[in-house]
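Colleague: Next comes the structure file structure.txt, holding compact mmCIF, C-alpha atoms.
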```txt
# COMPACT_ATOMS: atom_id res chain seq x y z
CA MET A 56 19.21 55.42 -15.41
CA LYS A 57 21.43 57.83 -17.36
CA LEU A 58 18.35 59.17 -19.21
CA LYS A 59 16.57 59.68 -15.90
CA LEU A 60 19.45 61.76 -14.55
CA ILE A 61 19.58 63.86 -17.71
CA LEU A 62 15.84 64.55 -17.46
CA LEU A 63 16.12 65.53 -13.79
CA VAL A 64 18.95 67.94 -14.46
CA PHE A 65 16.99 69.43 -17.38
CA ILE A 66 13.97 69.96 -15.15
CA ALA A 67 16.11 71.68 -12.52
CA LEU A 68 17.75 74.00 -15.04
CA SER A 69 14.39 74.82 -16.60
CA ALA A 70 13.00 75.65 -13.17
CA GLU A 71 15.91 77.97 -12.42
CA LEU A 72 15.44 79.75 -15.74
CA ARG A 73 11.77 80.30 -14.96
CA GLY A 74 12.67 81.68 -11.54
CA GLN A 75 11.14 80.93 -8.18
CA GLU A 76 7.43 80.25 -8.12
CA SER A 77 5.52 82.34 -5.63
CA TYR A 78 3.59 81.26 -2.55
CA THR A 79 1.57 83.55 -0.34
CA VAL A 80 1.08 82.43 3.25
CA PRO A 81 -2.70 82.35 3.79
CA GLU A 82 -4.12 84.93 6.19
CA ASP A 83 -5.50 82.25 8.51
CA VAL A 84 -2.07 80.65 9.12
CA SER A 85 -1.03 81.18 12.73
CA ARG A 86 1.20 78.14 13.47
CA ILE A 87 4.18 77.26 11.27
CA VAL A 88 6.36 74.19 11.93
CA PHE A 89 9.85 73.62 10.54
CA LEU A 90 10.97 70.01 10.05
CA GLY A 91 14.49 68.99 9.10
CA ASN A 92 17.88 67.79 10.25
CA SER A 93 20.75 69.53 12.06
CA ILE A 94 20.66 72.51 9.70
CA THR A 95 17.08 73.20 10.72
CA TYR A 96 17.85 72.44 14.37
CA LYS A 97 20.58 75.10 14.31
CA GLY A 98 17.75 77.23 13.11
CA LEU A 99 19.32 80.52 12.11
CA TYR A 100 17.29 80.57 8.91
CA VAL A 101 14.13 80.03 10.97
CA THR A 102 15.09 82.90 13.28
CA TYR A 103 15.89 85.16 10.33
CA LEU A 104 12.56 84.35 8.69
CA GLU A 105 10.59 84.90 11.87
CA THR A 106 12.35 88.18 12.59
CA TRP A 107 11.85 89.68 9.13
CA LEU A 108 8.23 88.58 8.88
CA THR A 109 7.46 89.74 12.44
CA LEU A 110 8.92 93.17 11.75
CA THR A 111 7.17 93.45 8.39
CA TYR A 112 3.80 92.09 9.51
CA PRO A 113 3.58 92.72 13.28
CA GLU A 114 -0.19 92.26 13.19
CA ARG A 115 0.02 88.65 11.98
CA ASN A 116 1.08 87.09 15.32
CA ILE A 117 2.38 83.86 13.76
CA GLU A 118 4.05 81.21 15.95
CA PHE A 119 7.19 79.70 14.41
CA MET A 120 7.99 76.25 15.81
CA ASN A 121 11.36 74.61 15.08
CA VAL A 122 11.35 70.83 15.58
CA GLY A 123 14.39 70.00 13.47
CA LEU A 124 16.37 66.98 14.70
CA PRO A 125 20.12 66.52 14.04
CA SER A 126 21.08 63.46 11.94
CA GLU A 127 17.49 62.82 10.86
CA THR A 128 16.39 61.47 7.46
CA VAL A 129 13.12 60.82 5.66
CA SER A 130 14.71 57.91 3.80
CA GLY A 131 15.24 55.73 6.87
CA LEU A 132 18.83 55.09 5.79
CA SER A 133 21.95 55.21 7.96
CA GLU A 134 25.52 54.77 6.76
CA PRO A 135 27.72 52.11 8.38
CA GLY A 136 29.49 53.50 11.42
CA HIS A 137 27.31 56.59 11.75
CA ALA A 138 28.31 58.50 14.90
CA LYS A 139 31.22 56.05 15.22
CA GLY A 140 28.71 53.24 15.54
CA ALA A 141 26.98 54.73 18.58
CA TYR A 142 23.51 54.94 17.03
CA PRO A 143 21.82 54.87 13.62
CA ARG A 144 20.34 57.98 12.10
CA PRO A 145 16.86 58.77 13.44
CA VAL A 146 14.04 58.69 10.91
CA LEU A 147 11.13 61.14 10.79
CA ARG A 148 8.57 58.33 10.53
CA GLU A 149 9.21 57.51 14.19
CA ARG A 150 8.05 60.90 15.49
CA LEU A 151 5.97 62.72 12.88
CA ASP A 152 2.57 61.75 14.31
CA ARG A 153 3.53 63.13 17.72
CA VAL A 154 4.95 66.33 16.23
CA LEU A 155 1.83 67.04 14.21
CA GLU A 156 -0.48 66.21 17.10
CA GLN A 157 1.31 68.44 19.60
CA THR A 158 2.20 71.39 17.36
CA ASN A 159 -1.07 71.37 15.37
CA PRO A 160 0.43 73.38 12.49
CA ASP A 161 -1.37 75.24 9.74
CA LEU A 162 1.75 75.19 7.60
CA VAL A 163 4.88 73.00 7.55
CA PHE A 164 8.26 73.75 5.97
CA ALA A 165 10.34 70.58 5.45
CA CYS A 166 14.05 70.54 4.57
CA TYR A 167 15.47 67.04 3.98
CA GLY A 168 18.01 65.48 1.65
CA MET A 169 21.39 66.40 3.09
CA ASN A 170 21.56 63.20 5.18
CA ASP A 171 19.33 61.04 3.00
CA GLY A 172 21.98 59.86 0.58
CA VAL A 173 24.16 59.02 3.62
CA TYR A 174 27.19 60.76 2.06
CA LEU A 175 27.77 58.02 -0.51
CA PRO A 176 27.85 58.26 -4.33
CA PHE A 177 24.56 58.15 -6.19
CA ASP A 178 22.61 54.92 -5.95
CA ASP A 179 19.15 54.40 -7.40
CA ALA A 180 17.94 52.35 -4.40
CA ARG A 181 18.92 55.14 -1.98
CA PHE A 182 17.31 57.70 -4.28
CA ARG A 183 14.10 55.67 -4.26
CA LYS A 184 14.08 55.63 -0.46
CA TYR A 185 14.40 59.41 -0.43
CA ARG A 186 11.54 59.83 -2.90
CA GLU A 187 9.33 57.45 -0.95
CA GLY A 188 10.06 59.29 2.30
CA ILE A 189 9.28 62.69 0.80
CA GLU A 190 6.05 61.45 -0.79
CA TRP A 191 5.02 59.85 2.52
CA LEU A 192 5.72 63.12 4.35
CA HIS A 193 3.63 65.09 1.87
CA ALA A 194 0.69 62.71 2.27
CA GLU A 195 0.88 62.70 6.08
CA VAL A 196 1.00 66.48 6.45
CA MET A 197 -1.78 67.06 3.95
CA ALA A 198 -3.94 64.44 5.70
CA SER A 199 -3.46 66.33 8.97
CA GLY A 200 -5.11 69.40 7.44
CA ALA A 201 -1.92 71.47 7.15
CA GLU A 202 -0.17 72.68 4.01
CA ILE A 203 3.45 71.77 3.32
CA VAL A 204 6.25 73.62 1.55
CA PHE A 205 9.33 71.56 0.70
CA LEU A 206 12.78 73.16 0.72
CA THR A 207 15.47 71.67 -1.48
CA PRO A 208 18.54 70.73 0.58
CA PRO A 209 21.37 73.24 0.96
CA VAL A 210 24.39 72.71 -1.24
CA TYR A 211 27.01 70.15 -0.23
CA ASP A 212 30.45 71.63 -0.84
CA PRO A 213 31.96 69.79 -3.84
CA ARG A 214 35.44 70.25 -2.35
CA LYS A 215 34.36 67.83 0.37
CA GLY A 216 33.16 65.35 -2.24
CA ALA A 217 32.07 66.03 -5.80
CA ALA A 218 30.11 62.77 -5.97
CA TYR A 219 27.88 63.64 -3.03
CA SER A 220 27.46 67.19 -4.27
CA ASN A 221 26.07 65.63 -7.43
CA VAL A 222 23.71 63.45 -5.37
CA LEU A 223 22.11 66.54 -3.86
CA ASP A 224 21.89 68.16 -7.29
CA ILE A 225 19.82 65.15 -8.38
CA TYR A 226 17.66 65.04 -5.25
CA SER A 227 16.95 68.77 -5.55
CA ALA A 228 16.09 68.49 -9.23
CA TRP A 229 13.57 65.73 -8.52
CA LEU A 230 11.97 67.77 -5.74
CA ILE A 231 11.67 70.81 -7.99
CA SER A 232 10.05 68.61 -10.64
CA LYS A 233 7.18 67.94 -8.20
CA ARG A 234 6.11 71.55 -8.66
CA TYR A 235 5.11 70.70 -12.21
CA THR A 236 4.14 67.03 -12.05
CA ASP A 237 2.07 67.22 -8.85
CA GLN A 238 1.66 70.94 -8.13
CA TRP A 239 3.63 70.74 -4.88
CA LYS A 240 4.92 73.86 -3.18
CA VAL A 241 8.72 73.71 -3.43
CA ALA A 242 11.18 76.51 -2.65
CA ASP A 243 14.61 76.02 -4.19
CA LEU A 244 17.45 76.72 -1.77
CA HIS A 245 19.96 74.39 -3.39
CA GLY A 246 20.33 76.05 -6.78
CA PRO A 247 20.81 79.62 -5.52
CA MET A 248 23.24 78.46 -2.83
CA ARG A 249 25.26 76.46 -5.36
CA THR A 250 25.40 79.47 -7.70
CA PHE A 251 26.40 81.80 -4.87
CA LEU A 252 29.19 79.45 -3.78
CA GLU A 253 30.54 79.17 -7.31
CA GLU A 254 30.46 82.94 -7.85
CA GLN A 255 32.18 83.70 -4.56
CA ARG A 256 34.91 81.18 -5.29
CA GLU A 257 35.69 82.84 -8.58
CA ALA A 258 36.62 85.97 -6.62
CA ASP A 259 38.05 84.19 -3.56
CA PRO A 260 39.06 80.53 -3.96
CA SER A 261 39.20 80.11 -0.18
CA PHE A 262 35.52 81.06 0.29
CA TYR A 263 33.16 78.56 1.89
CA LEU A 264 29.54 78.44 3.05
CA ALA A 265 30.09 75.46 5.34
CA ARG A 266 33.45 74.62 6.89
CA ASP A 267 32.56 70.93 7.03
CA GLY A 268 30.79 71.01 3.68
CA VAL A 269 27.40 70.39 5.31
CA HIS A 270 26.43 72.94 7.95
CA PRO A 271 26.20 76.49 6.60
CA GLY A 272 27.21 79.45 8.73
CA GLU A 273 25.38 82.76 9.07
CA THR A 274 25.77 83.65 5.39
CA GLY A 275 24.34 80.32 4.30
CA HIS A 276 21.41 80.55 6.69
CA TRP A 277 20.61 84.05 5.43
CA LEU A 278 20.68 82.72 1.86
CA MET A 279 18.20 80.04 2.93
CA ALA A 280 15.90 82.56 4.61
CA ARG A 281 16.22 84.96 1.67
CA GLU A 282 15.21 82.31 -0.87
CA ILE A 283 12.20 81.32 1.22
CA LEU A 284 11.15 84.98 1.46
CA HIS A 285 11.71 85.30 -2.29
CA PHE A 286 9.51 82.22 -2.78
CA MET A 287 6.85 83.98 -0.69
CA GLY A 288 6.91 86.86 -3.14
CA HIS A 289 9.11 89.29 -1.20
CA GLN A 290 11.20 90.62 -4.06
CA GLU A 291 12.58 93.41 -1.89
CA VAL A 292 15.05 91.03 -0.18
CA LYS A 293 16.37 89.20 -3.25
CA ASP A 294 19.55 91.28 -3.57
CA ILE A 295 20.25 91.86 0.14
CA GLY A 296 23.45 90.10 1.16
CA THR A 297 23.09 89.87 4.95
CA ILE A 298 20.42 89.64 7.61
CA GLN A 299 21.73 92.95 8.98
CA GLY A 300 21.01 94.57 5.63
CA ALA A 301 17.50 93.12 5.63
CA LEU A 302 16.85 94.51 9.12
CA ALA A 303 18.34 97.95 8.42
CA PRO A 304 14.96 99.63 7.65
CA PHE A 305 13.67 98.69 11.12
CA PRO A 306 14.91 100.86 14.03
CA TYR A 307 14.78 97.95 16.50
CA GLY A 308 15.45 95.15 14.05
CA GLN A 309 18.65 93.88 15.67
CA GLU A 310 17.07 93.87 19.13
CA VAL A 311 14.08 91.89 17.87
CA LEU A 312 16.43 89.43 16.13
CA GLU A 313 18.34 88.77 19.36
CA LEU A 314 15.12 88.27 21.34
CA ILE A 315 13.63 85.89 18.78
CA ASP A 316 16.89 83.96 18.66
CA ARG A 317 16.82 83.57 22.46
CA ARG A 318 13.20 82.39 22.38
CA GLN A 319 13.87 79.94 19.54
CA ARG A 320 16.78 78.37 21.44
CA ILE A 321 14.53 77.72 24.42
CA MET A 322 11.51 76.49 22.51
CA LYS A 323 13.21 74.15 20.02
CA ASP A 324 14.65 72.01 22.83
CA ALA A 325 11.34 72.12 24.68
CA TRP A 326 9.49 70.92 21.57
CA LEU A 327 11.95 68.08 20.94
CA THR A 328 11.73 66.93 24.55
CA SER A 329 7.94 67.15 24.55
CA THR A 330 7.40 65.36 21.23
CA GLY A 331 10.14 62.80 21.82
CA HIS A 332 12.73 61.24 19.51
CA THR A 333 15.28 58.42 19.36
CA ARG A 334 18.47 60.46 18.94
CA PRO A 335 20.82 60.30 21.95
CA ARG A 336 23.07 63.13 23.13
CA MET A 337 20.47 65.86 22.70
CA LYS A 338 20.03 68.70 25.16
CA GLU A 339 17.15 68.14 27.57
CA GLY A 340 14.60 70.88 27.06
CA MET A 341 12.35 72.52 29.60
CA SER A 342 8.80 71.32 30.03
CA MET A 343 6.50 73.16 27.64
CA GLU A 344 4.88 74.93 30.57
CA ASP A 345 8.23 76.19 31.91
CA ALA A 346 9.45 77.11 28.42
CA GLU A 347 6.34 79.16 27.69
CA ALA A 348 6.67 80.92 31.04
CA SER A 349 10.35 81.60 30.40
CA CYS A 350 9.53 83.14 27.03
CA GLN A 351 6.67 85.31 28.24
CA GLU A 352 8.89 88.26 29.12
CA ILE A 353 10.69 87.91 25.79
CA ARG A 354 7.35 88.09 23.97
CA GLN A 355 6.34 91.18 25.91
CA THR A 356 9.62 92.93 25.11
CA ILE A 357 9.24 92.10 21.41
CA ASP A 358 5.71 93.53 21.43
CA THR A 359 6.98 96.74 23.02
CA LEU A 360 9.70 97.13 20.38
CA LEU A 361 7.24 96.43 17.56
CA GLU A 362 5.07 99.29 18.78
CA ARG A 363 8.09 101.61 18.46
CA ASN A 364 9.12 100.51 14.96
```
Translate this file's structure into structure tokens.

Modeller:
Amino acid sequence: MKLKLILLVFIALSAELRGQESYTVPEDVSRIVFLGNSITYKGLYVTYLETWLTLTYPERNIEFMNVGLPSETVSGLSEPGHAKGAYPRPVLRERLDRVLEQTNPDLVFACYGMNDGVYLPFDDARFRKYREGIEWLHAEVMASGAEIVFLTPPVYDPRKGAAYSNVLDIYSAWLISKRYTDQWKVADLHGPMRTFLEEQREADPSFYLARDGVHPGETGHWLMAREILHFMGHQEVKDIGTIQGALAPFPYGQEVLELIDRRQRIMKDAWLTSTGHTRPRMKEGMSMEDAEASCQEIRQTIDTLLERN
């Protein structure tokens, strides 16, 4: 087991030294789905991605669909007393078929891992469940005819628990290794976020990306979006520190960001309600018909602003 961990860490460090691999979104991609847990459901990184890509490539007309579900895992594991014993963690296996059928994506981005070790120290059995879940997800999406890009999980703040921070280091290293062993498409968010956190803390020991150690704020979500854009080959954003800086070249960038954010908030709840899930205490979304109608004016306003940019 110790040798396995050493090899995984070596693979991760080697990958970081080689830099991000590049992925170009094919020209025929028009529907992109984002799968994940509460970090994806919050969705700022999805909104930032959509905004920058919409402003940069207004002719592409890509639909960005966020179907992230809080608490979800691919491992199927749930820690004792999750949600104070009210319900176990939902698992993607329960809903993936419905999501793929209804969204009919050309491309899927999947960000799992944060919940999959259930906030406990490393355990080989739990790690195996995570690997099995990720490999199942890859097979299911590819069988549907879509492509899939995996995102390594965001960093878990070691001040909240060094042991679990190490778990996500290991999970991320394994996922990165799939680039080379199986030619998977994997964008590394974890490594750059970990490095950023460490560097910021050298200058300001009170700095944090996530107050609770798990859920990043605006800075963390921009780092996520930036690394995905970097993975897509957009070198021009790699040193930009904020979404506002990334939008500065566009006269109506902030307005488009606010409109896309409003539309994403409506549509993500509509998609979750339409596709269904087992997690209680979620906001009831509009019907898809009502959500689309509600967003029509937003789309028209975005199109008008894009013509002015």

Colleague: Would you compute the distance between atom CA of A:Thr250 and atom CA of A:Phe205? Give it in Å to one decimal.

Modeller: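 Value for the atom CA of A:Thr250-atom CA of A:Phe205 distance: 19.8 Å.
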
Colleague: Just give me the gap between atom CA of A:Met341 and atom CA of A:Glu273 in Å, one decimal is fine.

Modeller: 26.4 Å

Colleague: Go through A:Tyr211, A:Tyr226, A:Phe262, A:Phe286 one by one, measure the shortest atom-to-atom distance of each to A:Asp243 using only C-alpha atoms, and give the residue with the smallest value.

Modeller: A:Phe286

Colleague: I'd like the interatomic distance between atom CA of A:Met343 and atom CA of A:Leu155, to a tenth of an Å.

Modeller: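 These two atoms are separated by 15.5 Å.
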
Colleague: Point out the residue among A:Leu302, A:Ile225, A:Leu264, A:Ala165 with the least atom-to-atom distance to A:Ala242, counting only C-alpha atoms.

Modeller: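 Among the listed residues, A:Ala165 lies closest to A:Ala242.
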
Colleague: Go through A:Pro145, A:His276, A:Arg334, A:Leu314 one by one, measure the shortest atom-to-atom distance of each to A:Gln351 using only C-alpha atoms, and give the residue with the smallest value.

Modeller: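 Of A:Pro145, A:His276, A:Arg334, A:Leu314, the one nearest A:Gln351, counting only C-alpha atoms, is A:Leu314.
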